[in-house]
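Peer 1: I have a structure I would like to understand better, so I am pasting it below and will then ask my questions one at a time.
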Amino acid sequence: MKSRFALVLLTLSAAACSDAPTASLDVDQSPLFGANVASHGTSTVRWNRKSIALFRARGGNAGRVNAYLGVAQYRAALAANDAKHGQTRPSLAGAVAAASARVLKQFYSLDVASIDAELAAQRAEPPFGSERNRDFSAGEAIGDAIGVTVLALAATDNFGVTNPGTPPVGTGKWISSGASIVRGGLGARPFFMTSGSELRRQPPPTFGSAEFLAALTEVRAFSDARTPAQVAVSQAWVPFSGVVFNGIANDLIEKYHRTELEAARIIGYANAAAFDAIIACFDTKFAYWFIRPTQADAGITTAVGLPNHPSYPSAHSCESGAFEEILSDAFPDEVDNIAAIAQEANMSRIIGGLHYRFDGDAGLAIGHEAAQLALTRRGIE
């Protein structure tokens, strides 16, 4: 069964979307649509869904929050697992829960009571599976300590601190709306890259070139004939593709009955790789300051809000490429479906009038390469 995203994209014109996806995961009931569904499988999924629900309610930078949440969960699960041969057998679920609560309370200070209540509810639930022989409180002690160390790491990551400078003026250059320029991951400390510029892309097509004009014409064609279904697919991926992909990752973890340690590793690496992809994305954006389609052609309209930063590459696609690579590695039977979903995220910004196709292609490439570095270099343990 195709997802509602794929079904919407199949309504796009064949000429404009010859590479549109034709298959996807059945995620109609996924928490990616905002539900706060408690997992009966792993603590990792339960708290990742809690994080998504908090973001939906409060906003903030979901990519940064989920990166540090995922790292804390994985480290907590590893530490509890390493301690299993001692006098006590710490609960991996308890370790993940406490680490998650510690991190989320820092980022969502208005929701401390809700987070504490979630932790208390989990503590009171009967253990399941291998957790029946483990000590939840001992796991909590481990997880809370891990959460403190991960928050100390986050406090020094330089996220949002680096000023991109004054936008250059000239033909083909992006023009700020006058609002604060969104800095994204510019200058932040990566998890896997050796520097923020390691994955910087080559320049976009020259403004006014045949390649550029073809891409601009495609965006204008979508804008001129955009249907309600096409608007819906653009809206479905707002504001960040990582939020949607976390929901998909959670569903896959539960579909394939992954263990706590496996779940934490998947969520941790997916979100940390996406964090690096956003660093590389904004490094590239501010290297070229490339003009948005709506600035190159005033007749182009957008289906959703236009963020105040340059066009090339697409940040949505950078995140999507990273998740695609990590999830494909973790779930090889779902490779085609995951690739289709990443293309849906990519196309959502083109049909929405926010990006050119080459923005999305470059973004997916950054995401893929960031994830490949993560899988090769490791390091969040």
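Here's how to read the names in the structure tokens: chain A, B, ... by the order shown, residue numbers from 1 in each chain, ligand numbers from 1 in the order shown.
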Please provide as JSON, numbers by chain all residues within 10 Å of Phe191 in chain A, with the sequence filter that same-chain residues fewer than 2 positions apart are discarded (counting only C-alpha atoms).
Peer 2: {"A": [67, 71, 157, 188, 189, 193, 194, 195, 269, 272, 273, 274, 275, 276, 370, 373, 374, 377, 378, 379, 380]}
Peer 1: Write the residues of the preceding selection, restricted to N, CA and C atoms, as a compact mmCIF listing (two decimals), in the first residue's frame.
Peer 2:
# COMPACT_ATOMS: atom_id res chain seq x y z
N ALA A 67 19.17 15.28 17.46
CA ALA A 67 20.55 14.78 17.36
C ALA A 67 21.10 14.48 18.74
N VAL A 71 21.88 10.78 20.44
CA VAL A 71 23.21 10.46 20.96
C VAL A 71 23.10 10.02 22.42
N ASP A 157 28.53 23.48 21.17
CA ASP A 157 28.56 23.09 19.76
C ASP A 157 28.57 24.25 18.79
N ALA A 188 28.66 25.21 13.15
CA ALA A 188 28.49 24.31 14.31
C ALA A 188 29.50 23.17 14.25
N ARG A 189 29.75 22.58 15.40
CA ARG A 189 30.69 21.46 15.48
C ARG A 189 30.01 20.19 14.99
N MET A 193 32.10 14.90 10.39
CA MET A 193 32.93 15.62 9.43
C MET A 193 34.15 16.20 10.14
N THR A 194 35.22 16.37 9.40
CA THR A 194 36.42 16.98 9.98
C THR A 194 36.29 18.50 10.04
N SER A 195 35.41 19.06 9.21
CA SER A 195 35.14 20.49 9.23
C SER A 195 33.78 20.72 8.60
N TYR A 269 22.35 7.49 15.06
CA TYR A 269 23.14 7.76 13.86
C TYR A 269 22.35 8.53 12.81
N ALA A 272 22.22 12.23 14.11
CA ALA A 272 23.54 12.86 14.12
C ALA A 272 24.04 13.10 12.70
N ALA A 273 23.80 12.16 11.79
CA ALA A 273 24.18 12.34 10.39
C ALA A 273 23.40 13.49 9.76
N ALA A 274 22.11 13.59 10.07
CA ALA A 274 21.30 14.69 9.55
C ALA A 274 21.79 16.04 10.08
N PHE A 275 22.24 16.06 11.34
CA PHE A 275 22.80 17.27 11.94
C PHE A 275 24.04 17.71 11.14
N ASP A 276 24.92 16.78 10.84
CA ASP A 276 26.10 17.10 10.03
C ASP A 276 25.70 17.57 8.64
N ALA A 370 27.12 12.72 4.08
CA ALA A 370 27.22 12.89 5.54
C ALA A 370 26.93 11.57 6.25
N LEU A 373 29.82 9.11 5.85
CA LEU A 373 30.88 9.42 6.81
C LEU A 373 30.52 8.88 8.19
N ALA A 374 29.26 9.04 8.58
CA ALA A 374 28.80 8.54 9.88
C ALA A 374 28.99 7.04 9.99
N ARG A 377 33.02 6.43 9.84
CA ARG A 377 33.85 6.97 10.92
C ARG A 377 33.29 6.66 12.31
N ARG A 378 31.98 6.46 12.37
CA ARG A 378 31.33 6.21 13.67
C ARG A 378 31.67 7.34 14.65
N GLY A 379 31.71 7.02 15.94
CA GLY A 379 32.20 8.01 16.87
C GLY A 379 31.24 8.55 17.91
N ILE A 380 29.92 8.33 17.75
CA ILE A 380 29.02 8.89 18.77
C ILE A 380 28.91 7.98 19.99
Peer 1: Quick one: everything within 8 Å of Ser320 in chain A, counting only C-alpha atoms, minus sequence neighbours fewer than 2 positions away in the same chain. Send it as a PyMOL selection string.
Peer 2: chain A and resi 241-242+245+274+316-318+322-324+342+345-346+364+367
Peer 1: When DSSP works through the backbone of this structure, what residues of range 208-375 of chain A end up as alpha helix (DSSP H), shown as a VMD selection string?
Peer 2: chain A and resid 210 to 224 228 to 236 241 to 255 260 to 288 293 to 296 315 to 330 335 to 351 357 to 375
Peer 1: Out of A:Tyr356, A:Phe55, A:Tyr108, A:Phe286, which residue has the shortest atom-to-atom distance to Ser197 in chain A when counting only C-alpha atoms?
Peer 2: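 Distance minimum relative to Ser197 in chain A lands on A:Phe286.
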